[in-house]
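target39.pdb, holding PDB, C-alpha atoms, pLDDT in the B column:
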ATOM      1  CA  ALA R  16       5.909   7.110  18.357  1.00 77.00           C
ATOM      2  CA  GLN R  17       6.823   9.544  15.655  1.00 85.00           C
ATOM      3  CA  THR R  18       4.591  12.522  15.006  1.00 92.00           C
ATOM      4  CA  VAL R  19       4.420  15.023  12.173  1.00 96.00           C
ATOM      5  CA  THR R  20       3.088  18.541  12.665  1.00 97.00           C
ATOM      6  CA  GLN R  21       1.978  20.953   9.986  1.00 97.00           C
ATOM      7  CA  SER R  22       1.237  24.175  11.794  1.00 96.00           C
ATOM      8  CA  GLN R  23      -0.461  25.969   8.890  1.00 96.00           C
ATOM      9  CA  PRO R  24      -3.918  24.540   8.146  1.00 95.00           C
ATOM     10  CA  GLU R  25      -4.290  26.948   5.235  1.00 97.00           C
ATOM     11  CA  MET R  26      -1.970  29.101   3.163  1.00 97.00           C
ATOM     12  CA  SER R  27      -2.441  31.312   0.149  1.00 97.00           C
ATOM     13  CA  VAL R  28      -0.060  32.674  -2.457  1.00 97.00           C
ATOM     14  CA  GLN R  29      -0.282  34.872  -5.508  1.00 98.00           C
ATOM     15  CA  GLU R  30       0.416  33.269  -8.834  1.00 97.00           C
ATOM     16  CA  ALA R  31       4.141  33.483  -9.719  1.00 97.00           C
ATOM     17  CA  GLU R  32       5.116  34.157  -6.109  1.00 97.00           C
ATOM     18  CA  THR R  33       6.951  31.859  -3.689  1.00 98.00           C
ATOM     19  CA  VAL R  34       5.397  30.130  -0.708  1.00 98.00           C
ATOM     20  CA  THR R  35       6.840  27.969   2.055  1.00 98.00           C
ATOM     21  CA  LEU R  36       4.879  25.261   3.859  1.00 98.00           C
ATOM     22  CA  SER R  37       6.098  24.228   7.285  1.00 98.00           C
ATOM     23  CA  CYS R  38       6.553  20.758   8.694  1.00 98.00           C
ATOM     24  CA  THR R  39       8.146  19.591  11.904  1.00 98.00           C
ATOM     25  CA  TYR R  40       8.453  16.077  13.207  1.00 97.00           C
ATOM     26  CA  ASP R  41       9.345  14.324  16.373  1.00 96.00           C
ATOM     27  CA  THR R  42      11.598  11.279  16.379  1.00 93.00           C
ATOM     28  CA  SER R  43      14.437   9.752  18.344  1.00 92.00           C
ATOM     29  CA  GLU R  44      15.811   7.992  15.284  1.00 90.00           C
ATOM     30  CA  SER R  45      18.796   9.172  13.295  1.00 89.00           C
ATOM     31  CA  ASP R  46      17.924   7.612   9.974  1.00 89.00           C
ATOM     32  CA  TYR R  47      14.583   8.133   8.294  1.00 92.00           C
ATOM     33  CA  TYR R  48      12.845   9.415   5.188  1.00 92.00           C
ATOM     34  CA  LEU R  49      10.704  12.482   4.673  1.00 95.00           C
ATOM     35  CA  PHE R  50       8.160  13.162   1.976  1.00 96.00           C
ATOM     36  CA  TRP R  51       5.808  15.826   0.714  1.00 97.00           C
ATOM     37  CA  TYR R  52       2.635  14.645  -0.995  1.00 97.00           C
ATOM     38  CA  LYS R  53       0.142  16.749  -2.926  1.00 97.00           C
ATOM     39  CA  GLN R  54      -3.578  16.052  -3.178  1.00 96.00           C
ATOM     40  CA  PRO R  55      -5.321  18.263  -5.760  1.00 94.00           C
ATOM     41  CA  PRO R  56      -9.092  18.712  -5.386  1.00 90.00           C
ATOM     42  CA  SER R  57     -10.882  15.479  -6.285  1.00 82.00           C
ATOM     43  CA  ARG R  58      -7.680  13.949  -7.602  1.00 85.00           C
ATOM     44  CA  GLN R  59      -5.206  11.341  -6.500  1.00 90.00           C
ATOM     45  CA  MET R  60      -2.450  12.031  -4.047  1.00 94.00           C
ATOM     46  CA  ILE R  61       0.959  12.207  -5.668  1.00 94.00           C
ATOM     47  CA  LEU R  62       4.512  12.488  -4.427  1.00 95.00           C
ATOM     48  CA  VAL R  63       6.087  15.932  -4.727  1.00 97.00           C
ATOM     49  CA  ILE R  64       9.520  15.441  -3.221  1.00 96.00           C
ATOM     50  CA  ARG R  65      11.466  13.156  -0.864  1.00 94.00           C
ATOM     51  CA  GLN R  66      14.543  13.377   1.299  1.00 94.00           C
ATOM     52  CA  GLU R  67      16.785  10.922   3.096  1.00 92.00           C
ATOM     53  CA  ALA R  68      17.791  12.106   6.552  1.00 91.00           C
ATOM     54  CA  TYR R  69      21.453  11.186   6.199  1.00 89.00           C
ATOM     55  CA  LYS R  70      21.789  13.365   3.102  1.00 87.00           C
ATOM     56  CA  GLN R  71      22.534  16.934   4.073  1.00 83.00           C
ATOM     57  CA  GLN R  72      21.831  18.337   0.638  1.00 90.00           C
ATOM     58  CA  ASN R  73      18.297  19.615   0.263  1.00 94.00           C
ATOM     59  CA  ALA R  74      16.197  17.843  -2.355  1.00 93.00           C
ATOM     60  CA  THR R  75      14.925  19.788  -5.363  1.00 94.00           C
ATOM     61  CA  GLU R  76      12.361  18.900  -8.011  1.00 94.00           C
ATOM     62  CA  ASN R  77      11.892  21.681 -10.549  1.00 95.00           C
ATOM     63  CA  ARG R  78       9.976  24.470  -8.758  1.00 97.00           C
ATOM     64  CA  PHE R  79       9.760  22.484  -5.521  1.00 97.00           C
ATOM     65  CA  SER R  80      12.540  22.389  -2.972  1.00 97.00           C
ATOM     66  CA  VAL R  81      12.891  21.558   0.685  1.00 97.00           C
ATOM     67  CA  ASN R  82      14.728  23.115   3.573  1.00 97.00           C
ATOM     68  CA  PHE R  83      15.753  20.157   5.707  1.00 96.00           C
ATOM     69  CA  GLN R  84      17.060  21.073   9.149  1.00 95.00           C
ATOM     70  CA  LYS R  85      17.822  17.797  10.882  1.00 95.00           C
ATOM     71  CA  ALA R  86      18.781  19.221  14.239  1.00 94.00           C
ATOM     72  CA  ALA R  87      15.618  21.293  14.352  1.00 96.00           C
ATOM     73  CA  LYS R  88      13.549  18.385  12.977  1.00 96.00           C
ATOM     74  CA  SER R  89      12.123  20.650  10.334  1.00 97.00           C
ATOM     75  CA  PHE R  90      11.268  19.839   6.715  1.00 97.00           C
ATOM     76  CA  SER R  91       9.672  22.781   4.950  1.00 98.00           C
ATOM     77  CA  LEU R  92       8.543  22.835   1.330  1.00 98.00           C
ATOM     78  CA  LYS R  93       9.198  25.821  -0.891  1.00 98.00           C
ATOM     79  CA  ILE R  94       7.191  26.313  -4.049  1.00 98.00           C
ATOM     80  CA  SER R  95       8.661  28.862  -6.438  1.00 98.00           C
ATOM     81  CA  ASP R  96       6.822  30.598  -9.268  1.00 97.00           C
ATOM     82  CA  SER R  97       3.496  29.285  -7.969  1.00 97.00           C
ATOM     83  CA  GLN R  98       0.990  28.150 -10.558  1.00 97.00           C
ATOM     84  CA  LEU R  99      -2.768  27.710 -10.396  1.00 97.00           C
ATOM     85  CA  GLY R 100      -2.228  23.964 -10.656  1.00 95.00           C
ATOM     86  CA  ASP R 101      -0.307  23.997  -7.384  1.00 97.00           C
ATOM     87  CA  ALA R 102      -3.540  24.553  -5.481  1.00 97.00           C
ATOM     88  CA  ALA R 103      -4.006  21.435  -3.358  1.00 97.00           C
ATOM     89  CA  MET R 104      -3.717  19.872   0.063  1.00 96.00           C
ATOM     90  CA  TYR R 105      -0.103  19.236   0.918  1.00 97.00           C
ATOM     91  CA  PHE R 106       0.883  16.527   3.364  1.00 97.00           C
ATOM     92  CA  CYS R 107       4.228  16.060   5.014  1.00 97.00           C
ATOM     93  CA  ALA R 108       5.106  12.467   5.893  1.00 95.00           C
ATOM     94  CA  TYR R 109       7.770  10.559   7.813  1.00 94.00           C
ATOM     95  CA  ARG R 110       8.950   6.990   7.549  1.00 91.00           C
ATOM     96  CA  SER R 111      11.507   5.256   9.714  1.00 88.00           C
ATOM     97  CA  ALA R 112      14.500   3.622   8.029  1.00 85.00           C
ATOM     98  CA  GLN R 113      14.490   0.780  10.532  1.00 79.00           C
ATOM     99  CA  GLY R 114      13.866  -2.633   9.068  1.00 68.00           C
ATOM    100  CA  GLY R 115      10.236  -3.605   8.962  1.00 64.00           C
ATOM    101  CA  SER R 116       8.989  -0.026   9.209  1.00 61.00           C
ATOM    102  CA  GLU R 117       6.543   0.180   6.369  1.00 71.00           C
ATOM    103  CA  LYS R 118       4.322   2.867   7.853  1.00 83.00           C
ATOM    104  CA  LEU R 119       4.171   6.443   6.673  1.00 89.00           C
ATOM    105  CA  VAL R 120       3.194   8.931   9.372  1.00 92.00           C
ATOM    106  CA  PHE R 121       1.345  11.915   7.937  1.00 94.00           C
ATOM    107  CA  GLY R 122       0.761  15.420   9.161  1.00 95.00           C
ATOM    108  CA  LYS R 123      -2.747  16.853   9.064  1.00 95.00           C
ATOM    109  CA  GLY R 124      -2.122  18.773   5.897  1.00 95.00           C
ATOM    110  CA  THR R 125      -1.959  22.344   4.626  1.00 97.00           C
ATOM    111  CA  LYS R 126      -4.489  23.620   2.132  1.00 96.00           C
ATOM    112  CA  LEU R 127      -2.758  25.840  -0.409  1.00 98.00           C
ATOM    113  CA  THR R 128      -4.761  28.352  -2.418  1.00 97.00           C
ATOM    114  CA  VAL R 129      -3.183  30.038  -5.417  1.00 97.00           C
ATOM    115  CA  ASN R 130      -4.701  33.398  -6.331  1.00 96.00           C
ATOM    116  CA  PRO R 131      -4.548  34.598  -9.937  1.00 95.00           C
TER     117      PRO R 131
ATOM    118  CA  ASP I  30       2.882   3.940 -14.756  1.00 68.00           C
ATOM    119  CA  VAL I  31       1.816   2.432 -11.490  1.00 64.00           C
ATOM    120  CA  LYS I  32      -1.895   2.256 -11.175  1.00 89.00           C
ATOM    121  CA  VAL I  33      -3.861   1.818  -7.986  1.00 95.00           C
ATOM    122  CA  THR I  34      -7.572   1.462  -8.519  1.00 95.00           C
ATOM    123  CA  GLN I  35     -10.437   1.358  -6.080  1.00 95.00           C
ATOM    124  CA  SER I  36     -13.734  -0.315  -6.816  1.00 91.00           C
ATOM    125  CA  SER I  37     -15.975   2.697  -6.189  1.00 92.00           C
ATOM    126  CA  ARG I  38     -15.545   6.473  -6.050  1.00 93.00           C
ATOM    127  CA  TYR I  39     -18.743   6.967  -4.095  1.00 96.00           C
ATOM    128  CA  LEU I  40     -20.652   4.539  -1.919  1.00 97.00           C
ATOM    129  CA  VAL I  41     -23.744   4.939   0.244  1.00 97.00           C
ATOM    130  CA  LYS I  42     -24.559   2.246   2.776  1.00 97.00           C
ATOM    131  CA  ARG I  43     -26.939   1.816   5.662  1.00 97.00           C
ATOM    132  CA  THR I  44     -25.978   1.379   9.283  1.00 98.00           C
ATOM    133  CA  GLY I  45     -25.295  -2.257  10.074  1.00 97.00           C
ATOM    134  CA  GLU I  46     -24.484  -3.308   6.516  1.00 97.00           C
ATOM    135  CA  LYS I  47     -21.318  -5.203   5.708  1.00 97.00           C
ATOM    136  CA  VAL I  48     -19.218  -3.120   3.346  1.00 97.00           C
ATOM    137  CA  PHE I  49     -16.379  -4.205   1.081  1.00 97.00           C
ATOM    138  CA  LEU I  50     -13.893  -1.747  -0.376  1.00 97.00           C
ATOM    139  CA  GLU I  51     -11.615  -3.204  -3.000  1.00 97.00           C
ATOM    140  CA  CYS I  52      -8.189  -2.032  -4.080  1.00 97.00           C
ATOM    141  CA  VAL I  53      -6.055  -3.362  -6.913  1.00 97.00           C
ATOM    142  CA  GLN I  54      -2.504  -2.422  -7.910  1.00 96.00           C
ATOM    143  CA  ASP I  55      -0.741  -3.467 -11.073  1.00 94.00           C
ATOM    144  CA  MET I  56       2.959  -3.135 -10.194  1.00 89.00           C
ATOM    145  CA  ASP I  57       3.602  -6.206  -8.073  1.00 91.00           C
ATOM    146  CA  HIS I  58       4.083  -4.146  -4.912  1.00 92.00           C
ATOM    147  CA  GLU I  59       4.617  -6.050  -1.690  1.00 91.00           C
ATOM    148  CA  ASN I  60       3.080  -3.424   0.566  1.00 92.00           C
ATOM    149  CA  MET I  61      -0.492  -2.230   0.506  1.00 95.00           C
ATOM    150  CA  PHE I  62      -2.267   0.160   2.848  1.00 95.00           C
ATOM    151  CA  TRP I  63      -5.710   1.415   3.783  1.00 97.00           C
ATOM    152  CA  TYR I  64      -6.154   4.919   5.181  1.00 96.00           C
ATOM    153  CA  ARG I  65      -9.100   7.017   6.087  1.00 96.00           C
ATOM    154  CA  GLN I  66      -8.984  10.731   5.492  1.00 95.00           C
ATOM    155  CA  ASP I  67     -11.068  13.163   7.497  1.00 94.00           C
ATOM    156  CA  PRO I  68     -10.936  16.978   7.434  1.00 89.00           C
ATOM    157  CA  GLY I  69      -8.524  18.326  10.016  1.00 87.00           C
ATOM    158  CA  LEU I  70      -7.241  14.854  10.901  1.00 90.00           C
ATOM    159  CA  GLY I  71      -5.128  14.077   7.855  1.00 89.00           C
ATOM    160  CA  LEU I  72      -4.571  10.457   6.848  1.00 93.00           C
ATOM    161  CA  ARG I  73      -4.827   7.777   9.461  1.00 94.00           C
ATOM    162  CA  LEU I  74      -3.648   4.239   8.812  1.00 94.00           C
ATOM    163  CA  ILE I  75      -6.260   1.538   9.306  1.00 96.00           C
ATOM    164  CA  TYR I  76      -4.394  -1.602   8.207  1.00 96.00           C
ATOM    165  CA  PHE I  77      -1.488  -2.548   6.038  1.00 93.00           C
ATOM    166  CA  SER I  78      -0.191  -5.701   4.431  1.00 94.00           C
ATOM    167  CA  TYR I  79       3.399  -6.514   3.534  1.00 90.00           C
ATOM    168  CA  ASP I  80       2.682  -9.808   1.787  1.00 90.00           C
ATOM    169  CA  VAL I  81      -0.128 -12.099   0.719  1.00 91.00           C
ATOM    170  CA  LYS I  82      -2.206 -13.191   3.699  1.00 88.00           C
ATOM    171  CA  MET I  83      -0.117 -10.976   5.998  1.00 90.00           C
ATOM    172  CA  LYS I  84      -1.615  -7.974   7.721  1.00 92.00           C
ATOM    173  CA  GLU I  85      -0.774  -5.536  10.464  1.00 92.00           C
ATOM    174  CA  LYS I  86      -3.010  -3.197  12.396  1.00 94.00           C
ATOM    175  CA  GLY I  87      -2.524   0.477  11.872  1.00 92.00           C
ATOM    176  CA  ASP I  88      -3.527   3.294  14.160  1.00 91.00           C
ATOM    177  CA  ILE I  89      -7.312   2.948  13.944  1.00 95.00           C
ATOM    178  CA  PRO I  90      -8.217  -0.707  13.167  1.00 96.00           C
ATOM    179  CA  GLU I  91     -11.337  -0.890  15.324  1.00 96.00           C
ATOM    180  CA  GLY I  92     -14.429  -1.726  13.312  1.00 96.00           C
ATOM    181  CA  TYR I  93     -12.429  -2.801  10.259  1.00 97.00           C
ATOM    182  CA  SER I  94     -10.846  -5.951   8.907  1.00 97.00           C
ATOM    183  CA  VAL I  95      -8.833  -6.668   5.782  1.00 97.00           C
ATOM    184  CA  SER I  96      -8.134  -9.452   3.363  1.00 96.00           C
ATOM    185  CA  ARG I  97      -5.249 -10.046   1.017  1.00 96.00           C
ATOM    186  CA  GLU I  98      -5.602 -13.316  -0.839  1.00 95.00           C
ATOM    187  CA  LYS I  99      -3.670 -12.184  -3.907  1.00 95.00           C
ATOM    188  CA  LYS I 100      -0.696  -9.885  -4.125  1.00 95.00           C
ATOM    189  CA  GLU I 101      -2.426  -7.305  -6.287  1.00 96.00           C
ATOM    190  CA  ARG I 102      -5.645  -7.028  -4.268  1.00 97.00           C
ATOM    191  CA  PHE I 103      -6.262  -5.656  -0.788  1.00 97.00           C
ATOM    192  CA  SER I 104      -9.778  -5.443   0.578  1.00 97.00           C
ATOM    193  CA  LEU I 105     -11.086  -3.400   3.460  1.00 98.00           C
ATOM    194  CA  ILE I 106     -14.158  -4.751   5.238  1.00 98.00           C
ATOM    195  CA  LEU I 107     -16.512  -2.900   7.503  1.00 97.00           C
ATOM    196  CA  GLU I 108     -18.229  -5.721   9.353  1.00 94.00           C
ATOM    197  CA  SER I 109     -21.158  -3.602  10.522  1.00 97.00           C
ATOM    198  CA  ALA I 110     -21.040  -0.087   9.132  1.00 97.00           C
ATOM    199  CA  SER I 111     -21.695   2.792  11.482  1.00 97.00           C
ATOM    200  CA  THR I 112     -22.235   6.485  10.830  1.00 97.00           C
ATOM    201  CA  ASN I 113     -18.854   7.357  12.337  1.00 97.00           C
ATOM    202  CA  GLN I 114     -17.253   5.401   9.521  1.00 98.00           C
ATOM    203  CA  THR I 115     -18.468   7.943   6.996  1.00 98.00           C
ATOM    204  CA  SER I 116     -15.211   9.106   5.465  1.00 97.00           C
ATOM    205  CA  MET I 117     -12.877   9.112   2.486  1.00 96.00           C
ATOM    206  CA  TYR I 118     -10.951   5.848   2.213  1.00 97.00           C
ATOM    207  CA  LEU I 119      -7.635   5.788   0.407  1.00 97.00           C
ATOM    208  CA  CYS I 120      -5.741   2.726  -0.698  1.00 97.00           C
ATOM    209  CA  ALA I 121      -2.012   2.839  -1.401  1.00 95.00           C
ATOM    210  CA  SER I 122       0.761   0.514  -2.460  1.00 94.00           C
ATOM    211  CA  ARG I 123       4.535   0.598  -2.359  1.00 91.00           C
ATOM    212  CA  HIS I 124       7.468  -1.541  -3.327  1.00 87.00           C
ATOM    213  CA  GLY I 125       9.765  -2.485  -0.443  1.00 77.00           C
ATOM    214  CA  VAL I 126      11.071  -0.043   2.132  1.00 71.00           C
ATOM    215  CA  GLY I 127      13.341   2.952   1.974  1.00 73.00           C
ATOM    216  CA  LEU I 128      12.773   5.933  -0.231  1.00 76.00           C
ATOM    217  CA  TYR I 129      10.341   4.197  -2.550  1.00 82.00           C
ATOM    218  CA  GLU I 130       7.314   6.245  -3.516  1.00 86.00           C
ATOM    219  CA  GLN I 131       3.922   5.264  -2.161  1.00 91.00           C
ATOM    220  CA  TYR I 132       1.188   5.314  -4.805  1.00 93.00           C
ATOM    221  CA  PHE I 133      -2.389   6.156  -3.945  1.00 95.00           C
ATOM    222  CA  GLY I 134      -5.730   5.233  -5.409  1.00 96.00           C
ATOM    223  CA  PRO I 135      -8.399   7.834  -6.194  1.00 94.00           C
ATOM    224  CA  GLY I 136     -10.285   7.202  -2.975  1.00 95.00           C
ATOM    225  CA  THR I 137     -13.751   5.980  -2.065  1.00 96.00           C
ATOM    226  CA  ARG I 138     -16.082   8.416  -0.386  1.00 96.00           C
ATOM    227  CA  LEU I 139     -18.254   6.280   1.865  1.00 97.00           C
ATOM    228  CA  THR I 140     -21.415   7.614   3.419  1.00 98.00           C
ATOM    229  CA  VAL I 141     -23.160   5.536   6.066  1.00 98.00           C
ATOM    230  CA  THR I 142     -26.728   6.608   6.788  1.00 97.00           C
TER     231      THR I 142
END

Could I get this file's structure written as structure tokens?
Amino acid sequence: AQTVTQSQPEMSVQEAETVTLSCTYDTSESDYYLFWYKQPPSRQMILVIRQEAYKQQNATENRFSVNFQKAAKSFSLKISDSQLGDAAMYFCAYRSAQGGSEKLVFGKGTKLTVNP
Amino acid sequence: DVKVTQSSRYLVKRTGEKVFLECVQDMDHENMFWYRQDPGLGLRLIYFSYDVKMKEKGDIPEGYSVSREKKERFSLILESASTNQTSMYLCASRHGVGLYEQYFGPGTRLTVT
């Protein structure tokens, strides 16, 4: 079974600085999807960014980008120019590309604090 | 915008009660999911459904059941609530497979006393 590991339970960053959240995963599959979700305090979880494993180019969404290292099974999230609104729990997630694989496998999350 | 709603934000029940958590989505998604979220454990899948009346067990189905009689509604049932089921419950829905985004509801914080 696939597993997702987020080794940093908590991280902090100064406003306007850059922070990188780590995520590694374990799989024997070659085709899959990876996601980062954000859960602000007392608010709904939302998608931050997503990546298809067969695409070598790292995904970017405004201030959010990923460093996808397929061989190392690593999918880190970089947040540039951090803002107070970035404070949240961040979850890394994996989904198989095999037919019938509807399940997302989540890591345990990283709590990001943004200091003014 | 996709909207996933859950019937209650906060719920307090007594041990042994039968508890119903309701989830409704408005975007005709085939897939719906129930997770529980506990500090330090992340999100764990309880059950999911890929079509009306179809369901699959997730990673922690014990003590729970589900019902999906209509495409837009997915219910989680605690047959006899226990204190170890005190948790945050999140519903989610998604269209198809692949890179589609999964949308989450606001969550129900259930306390069983």

Counting all atoms listed in the file, which residues of chain I come no farther than 9 Å from chain R, as a list in words?
-> Asn60, Phe62, Pro68, Gly69, Leu70, Gly71, Leu72, Arg73, Leu74, Phe77, Tyr79, Gly87, Arg123, Gly125, Val126, Gly127, Leu128, Glu130, Gln131, Tyr132, Phe133, Gly134, Pro135 and Gly136 of chain I

Would you translate the PyMOL selection byres ((chain R and resi 87-98) around 7) into the concrete set of residues it matches in this file, as a short mmCIF file (atom, residue, chain, number, x, y, z; two decimals) with C-alpha atoms, keeping the file's coordinate frame?
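Output file out_36.cif is given in full below:
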data_model
loop_
_atom_site.label_atom_id
_atom_site.label_comp_id
_atom_site.auth_asym_id
_atom_site.auth_seq_id
_atom_site.Cartn_x
_atom_site.Cartn_y
_atom_site.Cartn_z
CA GLU R 30 0.42 33.27 -8.83
CA ALA R 31 4.14 33.48 -9.72
CA GLU R 32 5.12 34.16 -6.11
CA THR R 33 6.95 31.86 -3.69
CA VAL R 34 5.40 30.13 -0.71
CA THR R 35 6.84 27.97 2.06
CA LEU R 36 4.88 25.26 3.86
CA SER R 37 6.10 24.23 7.28
CA CYS R 38 6.55 20.76 8.69
CA THR R 39 8.15 19.59 11.90
CA TYR R 40 8.45 16.08 13.21
CA ASP R 41 9.35 14.32 16.37
CA ARG R 78 9.98 24.47 -8.76
CA PHE R 79 9.76 22.48 -5.52
CA SER R 80 12.54 22.39 -2.97
CA VAL R 81 12.89 21.56 0.68
CA ASN R 82 14.73 23.12 3.57
CA PHE R 83 15.75 20.16 5.71
CA GLN R 84 17.06 21.07 9.15
CA LYS R 85 17.82 17.80 10.88
CA ALA R 86 18.78 19.22 14.24
CA LEU R 99 -2.77 27.71 -10.40
CA GLY R 100 -2.23 23.96 -10.66
CA ASP R 101 -0.31 24.00 -7.38
CA VAL R 129 -3.18 30.04 -5.42
#

Mind giving me the straight-line distance from atom CA of I:Cys52 to atom CA of I:Thr140 in Å, one decimal?
->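 It comes out at 18.0 Å.
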
Distance atom CA of I:Thr44-atom CA of I:Arg102, one decimal place?
->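 Separating atom CA of I:Thr44 from atom CA of I:Arg102 is a distance of 25.8 Å.
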
Could you tell me which residues the PyMOL selection byres ((chain I and resi 108-118) around 7) returns for this structure, as number ranges by chain?
-> I: 44-48, 64-67, 92-93, 106-107, 119-120, 136-142

Atomic separation - atom CA of I:Arg38 relative to atom CA of I:Glu101, Å =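 Atom-to-atom, atom CA of I:Glu101 and atom CA of I:Arg38 are spaced 19.0 Å apart.
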
Residues matched by the PyMOL selection byres ((chain I and resi 80) around 9), written as a ChimeraX atom specification = /I:58-61,78-79,81-84,97,99-100

Centre, x/y/z edge lengths, axis-aligned box for stretch 56-70 of chain I with 8 Å per side, as AutoDock Vina command-line options:
--center_x -3.2 --center_y 6.1 --center_z 0.4 --size_x 31.7 --size_y 40.5 --size_z 37.1

Point out the residue among I:Leu40, I:Pro90, I:Ile75, I:Lys32 with the least atom-to-atom distance to I:Met56, counting all atoms listed in the file.
->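 Under the stated criterion, the closest residue is I:Lys32.
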
Write out as a PyMOL selection string each polymer residue whose atoms come within 7 Å of R:Ala103, counting only C-alpha atoms; drop sequence neighbours fewer than 6 positions from it.
-> chain R and resi 53-56+126-127
